[in-house]
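Q: One structure is given below, represented as structure tokens, and several questions about it will come after.
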Amino acid sequence: MHPNPAFRWPKSNNDHADADERAALEALIANIGFGMIFAETPDGPRVAHVPVFSTGDGALQFHLSRGNALTKHIASKTSLCVINGPDAYVSPDWYGVDNQVPTWNYLSLELEGPVRAMEREGLIALIDDLVAHNEAKLAPKPEWHRDKIDDELFEKMLDSIVGFEMEILAWRPTAKFSQNKPEAAREKAAKALDANGRRAVAHMIREFGR
């Protein structure tokens with residue numbers, strides 16, 4: 001989490017979000033759906049890049065390859081998940097204000113909590129949930145279902161991965177989009193980002209500057 005309170009989103013002062021804030025953070029997880037899991041191992045800290053699924057009741061689910069460096073060590077440990085949204089470099093020239101410095105605007109959510117290994121039935125449910133959630137985003141494309149592959153292949157795939165669930169004890173979001181700049185300067189930066197193809201960050205500057 002960025003130390004400047006101007007970049008807190010939602011405007012929480014601690015690791016806990018109220019119901020409205022939680023809904024906004026859940027929507028961010030659902031929209032991005034991909035994150036980085038960090039944990040300590042006997043060989044040092046390691047990270048895995050994984051699709052993530054929020055259960056909606058305070059847990060985050062993911063799966064790892066059995067050969068991943070984290071798989072043997074992450075269960076029962078406190079771990080960190082980072083989910084990143086759009087980001088972009090911001091040139092100080094764009095603000096039209098003197099004595100500015102280069103910076104980077106970004107959206108990020110840190111989740112922290114203990115992790116447990118899932119039973120096979122839970123892993124199957126996770127895979128089904130991930131597929132259904134992401135296939136729905138592709139409408140009007142007909143949704144893919146696992147009944148389109150044979151059972152032997154699906155079971156072989158399950159044997160090669162392990163499902164995990166994190167109990168989220170801390171939610172630490174950062175939305176750094178030039179909120180500490182005057183409105184006119186933010187709009188100039190947003191227009192410059194639009195012109196450079198960074199439309200998502202330009203949109204965020206306008207949204208978070210309100």
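Lettering and numbering for the structure tokens are positional, with chains as A, B, ... in the shown order, residues counted from 1 in each chain, and ligands counted from 1 in the shown order.
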When you look at A:Glu40 with a cut-off of 9 Å (counting only C-alpha atoms), what residues show up, excluding the ones that are within fewer than 2 positions of it in the same chain? I need them as a list in words.
A: Phe38, Pro42, Asp43, Gly44, Pro45, Arg46, Val47, Leu70, His73, Ile74, Lys77, Thr78 and Ser79 of chain A
Q: Hey, what's within 9 Å of A:Gly96 if we count only C-alpha atoms and toss same-chain stuff fewer than 5 positions away? As a PyMOL selection string, please?
A: chain A and resi 184-185+188-189
Q: As a PyMOL selection string, list the residues of stretch 6-209 of chain A assigned to strand (DSSP E or B) by DSSP on the backbone atoms of this structure.
A: chain A and resi 8+34-41+44-51+53-54+59-65+78-90+103-117+161-167+170-176
Q: Among stretch 5-203 of chain A, which residues carry a DSSP assignment of helix (DSSP H, G or I), reported as number ranges by chain?
A: A: 5-7, 19-32, 92-95, 120-136, 146-148, 151-159, 183-195, 199-203
Q: Name the closest residue to A:Phe7 among the candidates A:Ile161, A:Ala200, A:Asp20, A:Leu109; distances are taken between atoms, counting only C-alpha atoms.
A: A:Leu109
Q: Between A:Arg66, A:Lys137, A:Arg116, A:Arg8, single out the one closest to A:Ile32, counting only C-alpha atoms.
A: A:Lys137
Q: Can you tell me how far atom CA of A:Arg198 sits from atom CA of A:Pro173, in Å to one decimal?
A: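 Result for atom CA of A:Arg198 versus atom CA of A:Pro173: 21.2 Å, one decimal.
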Q: Just want the 12 Å neighbourhood of A:Glu121, counted on only C-alpha atoms, with same-chain residues fewer than 2 positions away dropped. Output as a PDB file with all heavy atoms, in the first residue's frame.
A:
ATOM      1  N   ALA A 117      -4.309 -26.133   1.849  1.00  0.00           N
ATOM      2  CA  ALA A 117      -4.495 -26.944   0.648  1.00  0.00           C
ATOM      3  C   ALA A 117      -5.948 -27.391   0.558  1.00  0.00           C
ATOM      4  O   ALA A 117      -6.597 -27.654   1.576  1.00  0.00           O
ATOM      5  CB  ALA A 117      -3.571 -28.159   0.680  1.00  0.00           C
ATOM      6  N   MET A 118      -6.486 -27.478  -0.653  1.00  0.00           N
ATOM      7  CA  MET A 118      -7.869 -27.887  -0.879  1.00  0.00           C
ATOM      8  C   MET A 118      -7.939 -29.380  -1.180  1.00  0.00           C
ATOM      9  O   MET A 118      -6.994 -29.974  -1.719  1.00  0.00           O
ATOM     10  CB  MET A 118      -8.460 -27.093  -2.057  1.00  0.00           C
ATOM     11  CG  MET A 118      -8.484 -25.594  -1.842  1.00  0.00           C
ATOM     12  SD  MET A 118      -8.884 -24.676  -3.353  1.00  0.00           S
ATOM     13  CE  MET A 118     -10.580 -25.203  -3.611  1.00  0.00           C
ATOM     14  N   GLU A 119      -9.066 -29.977  -0.838  1.00  0.00           N
ATOM     15  CA  GLU A 119      -9.328 -31.355  -1.247  1.00  0.00           C
ATOM     16  C   GLU A 119      -9.597 -31.387  -2.751  1.00  0.00           C
ATOM     17  O   GLU A 119      -9.861 -30.358  -3.374  1.00  0.00           O
ATOM     18  CB  GLU A 119     -10.532 -31.921  -0.483  1.00  0.00           C
ATOM     19  CG  GLU A 119     -10.351 -31.975   1.024  1.00  0.00           C
ATOM     20  CD  GLU A 119      -9.279 -32.970   1.454  1.00  0.00           C
ATOM     21  OE1 GLU A 119      -8.977 -33.892   0.654  1.00  0.00           O
ATOM     22  OE2 GLU A 119      -8.758 -32.828   2.571  1.00  0.00           O
ATOM     23  N   LEU A 123     -10.864 -28.489  -5.525  1.00  0.00           N
ATOM     24  CA  LEU A 123     -10.095 -28.121  -6.715  1.00  0.00           C
ATOM     25  C   LEU A 123     -10.964 -28.195  -7.959  1.00  0.00           C
ATOM     26  O   LEU A 123     -10.923 -27.301  -8.819  1.00  0.00           O
ATOM     27  CB  LEU A 123      -8.879 -29.033  -6.847  1.00  0.00           C
ATOM     28  CG  LEU A 123      -8.041 -28.865  -8.117  1.00  0.00           C
ATOM     29  CD1 LEU A 123      -7.510 -27.447  -8.245  1.00  0.00           C
ATOM     30  CD2 LEU A 123      -6.896 -29.885  -8.131  1.00  0.00           C
ATOM     31  N   ILE A 124     -11.770 -29.240  -8.073  1.00  0.00           N
ATOM     32  CA  ILE A 124     -12.660 -29.377  -9.229  1.00  0.00           C
ATOM     33  C   ILE A 124     -13.645 -28.210  -9.271  1.00  0.00           C
ATOM     34  O   ILE A 124     -13.886 -27.615 -10.329  1.00  0.00           O
ATOM     35  CB  ILE A 124     -13.413 -30.720  -9.174  1.00  0.00           C
ATOM     36  CG1 ILE A 124     -12.434 -31.885  -9.362  1.00  0.00           C
ATOM     37  CG2 ILE A 124     -14.514 -30.769 -10.244  1.00  0.00           C
ATOM     38  CD1 ILE A 124     -13.047 -33.245  -9.129  1.00  0.00           C
ATOM     39  N   ALA A 125     -14.197 -27.853  -8.104  1.00  0.00           N
ATOM     40  CA  ALA A 125     -15.129 -26.727  -8.049  1.00  0.00           C
ATOM     41  C   ALA A 125     -14.433 -25.433  -8.446  1.00  0.00           C
ATOM     42  O   ALA A 125     -15.016 -24.584  -9.142  1.00  0.00           O
ATOM     43  CB  ALA A 125     -15.714 -26.610  -6.649  1.00  0.00           C
ATOM     44  N   LEU A 126     -13.187 -25.260  -8.017  1.00  0.00           N
ATOM     45  CA  LEU A 126     -12.427 -24.068  -8.387  1.00  0.00           C
ATOM     46  C   LEU A 126     -12.229 -23.985  -9.897  1.00  0.00           C
ATOM     47  O   LEU A 126     -12.440 -22.924 -10.503  1.00  0.00           O
ATOM     48  CB  LEU A 126     -11.073 -24.063  -7.677  1.00  0.00           C
ATOM     49  CG  LEU A 126     -10.043 -23.038  -8.178  1.00  0.00           C
ATOM     50  CD1 LEU A 126     -10.578 -21.619  -8.050  1.00  0.00           C
ATOM     51  CD2 LEU A 126      -8.718 -23.208  -7.434  1.00  0.00           C
ATOM     52  N   ILE A 127     -11.823 -25.076 -10.508  1.00  0.00           N
ATOM     53  CA  ILE A 127     -11.624 -25.088 -11.956  1.00  0.00           C
ATOM     54  C   ILE A 127     -12.927 -24.744 -12.675  1.00  0.00           C
ATOM     55  O   ILE A 127     -12.960 -23.929 -13.615  1.00  0.00           O
ATOM     56  CB  ILE A 127     -11.097 -26.458 -12.430  1.00  0.00           C
ATOM     57  CG1 ILE A 127      -9.723 -26.761 -11.808  1.00  0.00           C
ATOM     58  CG2 ILE A 127     -11.034 -26.514 -13.948  1.00  0.00           C
ATOM     59  CD1 ILE A 127      -8.658 -25.748 -12.143  1.00  0.00           C
ATOM     60  N   ASP A 128     -14.023 -25.341 -12.231  1.00  0.00           N
ATOM     61  CA  ASP A 128     -15.321 -25.049 -12.855  1.00  0.00           C
ATOM     62  C   ASP A 128     -15.696 -23.584 -12.681  1.00  0.00           C
ATOM     63  O   ASP A 128     -16.214 -22.948 -13.610  1.00  0.00           O
ATOM     64  CB  ASP A 128     -16.403 -25.948 -12.263  1.00  0.00           C
ATOM     65  CG  ASP A 128     -16.289 -27.396 -12.722  1.00  0.00           C
ATOM     66  OD1 ASP A 128     -15.571 -27.652 -13.711  1.00  0.00           O
ATOM     67  OD2 ASP A 128     -16.915 -28.267 -12.090  1.00  0.00           O
ATOM     68  N   GLU A 155      -8.859 -35.893 -15.481  1.00  0.00           N
ATOM     69  CA  GLU A 155      -8.275 -36.453 -14.265  1.00  0.00           C
ATOM     70  C   GLU A 155      -6.752 -36.326 -14.278  1.00  0.00           C
ATOM     71  O   GLU A 155      -6.133 -36.052 -13.241  1.00  0.00           O
ATOM     72  CB  GLU A 155      -8.689 -37.919 -14.119  1.00  0.00           C
ATOM     73  CG  GLU A 155     -10.162 -38.136 -13.835  1.00  0.00           C
ATOM     74  CD  GLU A 155     -10.599 -37.532 -12.514  1.00  0.00           C
ATOM     75  OE1 GLU A 155      -9.816 -37.610 -11.542  1.00  0.00           O
ATOM     76  OE2 GLU A 155     -11.720 -36.990 -12.453  1.00  0.00           O
ATOM     77  N   LEU A 158      -5.928 -32.814 -13.339  1.00  0.00           N
ATOM     78  CA  LEU A 158      -6.099 -32.601 -11.898  1.00  0.00           C
ATOM     79  C   LEU A 158      -4.921 -33.152 -11.101  1.00  0.00           C
ATOM     80  O   LEU A 158      -4.509 -32.570 -10.093  1.00  0.00           O
ATOM     81  CB  LEU A 158      -7.399 -33.251 -11.414  1.00  0.00           C
ATOM     82  CG  LEU A 158      -8.718 -32.589 -11.793  1.00  0.00           C
ATOM     83  CD1 LEU A 158      -9.876 -33.409 -11.254  1.00  0.00           C
ATOM     84  CD2 LEU A 158      -8.794 -31.156 -11.260  1.00  0.00           C
ATOM     85  N   VAL A 162      -2.402 -28.529  -7.689  1.00  0.00           N
ATOM     86  CA  VAL A 162      -2.896 -28.545  -6.308  1.00  0.00           C
ATOM     87  C   VAL A 162      -3.674 -27.259  -6.071  1.00  0.00           C
ATOM     88  O   VAL A 162      -3.209 -26.169  -6.429  1.00  0.00           O
ATOM     89  CB  VAL A 162      -1.743 -28.646  -5.284  1.00  0.00           C
ATOM     90  CG1 VAL A 162      -2.300 -28.670  -3.859  1.00  0.00           C
ATOM     91  CG2 VAL A 162      -0.898 -29.888  -5.563  1.00  0.00           C
ATOM     92  N   GLY A 163      -4.862 -27.379  -5.475  1.00  0.00           N
ATOM     93  CA  GLY A 163      -5.669 -26.209  -5.181  1.00  0.00           C
ATOM     94  C   GLY A 163      -5.378 -25.668  -3.789  1.00  0.00           C
ATOM     95  O   GLY A 163      -5.098 -26.433  -2.855  1.00  0.00           O
ATOM     96  N   PHE A 164      -5.467 -24.342  -3.646  1.00  0.00           N
ATOM     97  CA  PHE A 164      -5.215 -23.693  -2.364  1.00  0.00           C
ATOM     98  C   PHE A 164      -6.267 -22.612  -2.119  1.00  0.00           C
ATOM     99  O   PHE A 164      -6.849 -22.060  -3.057  1.00  0.00           O
ATOM    100  CB  PHE A 164      -3.822 -23.049  -2.336  1.00  0.00           C
ATOM    101  CG  PHE A 164      -2.693 -24.028  -2.427  1.00  0.00           C
ATOM    102  CD1 PHE A 164      -2.111 -24.334  -3.654  1.00  0.00           C
ATOM    103  CD2 PHE A 164      -2.215 -24.657  -1.288  1.00  0.00           C
ATOM    104  CE1 PHE A 164      -1.072 -25.235  -3.746  1.00  0.00           C
ATOM    105  CE2 PHE A 164      -1.163 -25.559  -1.365  1.00  0.00           C
ATOM    106  CZ  PHE A 164      -0.594 -25.860  -2.595  1.00  0.00           C
TER     107      PHE A 164
END
Q: Nearest to A:Arg186 among A:Ser108, A:Ser91, A:Gln61, A:Asn99, with distances taken over only C-alpha atoms: which residue is it?
A: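 Under the stated criterion, the closest residue is A:Ser91.
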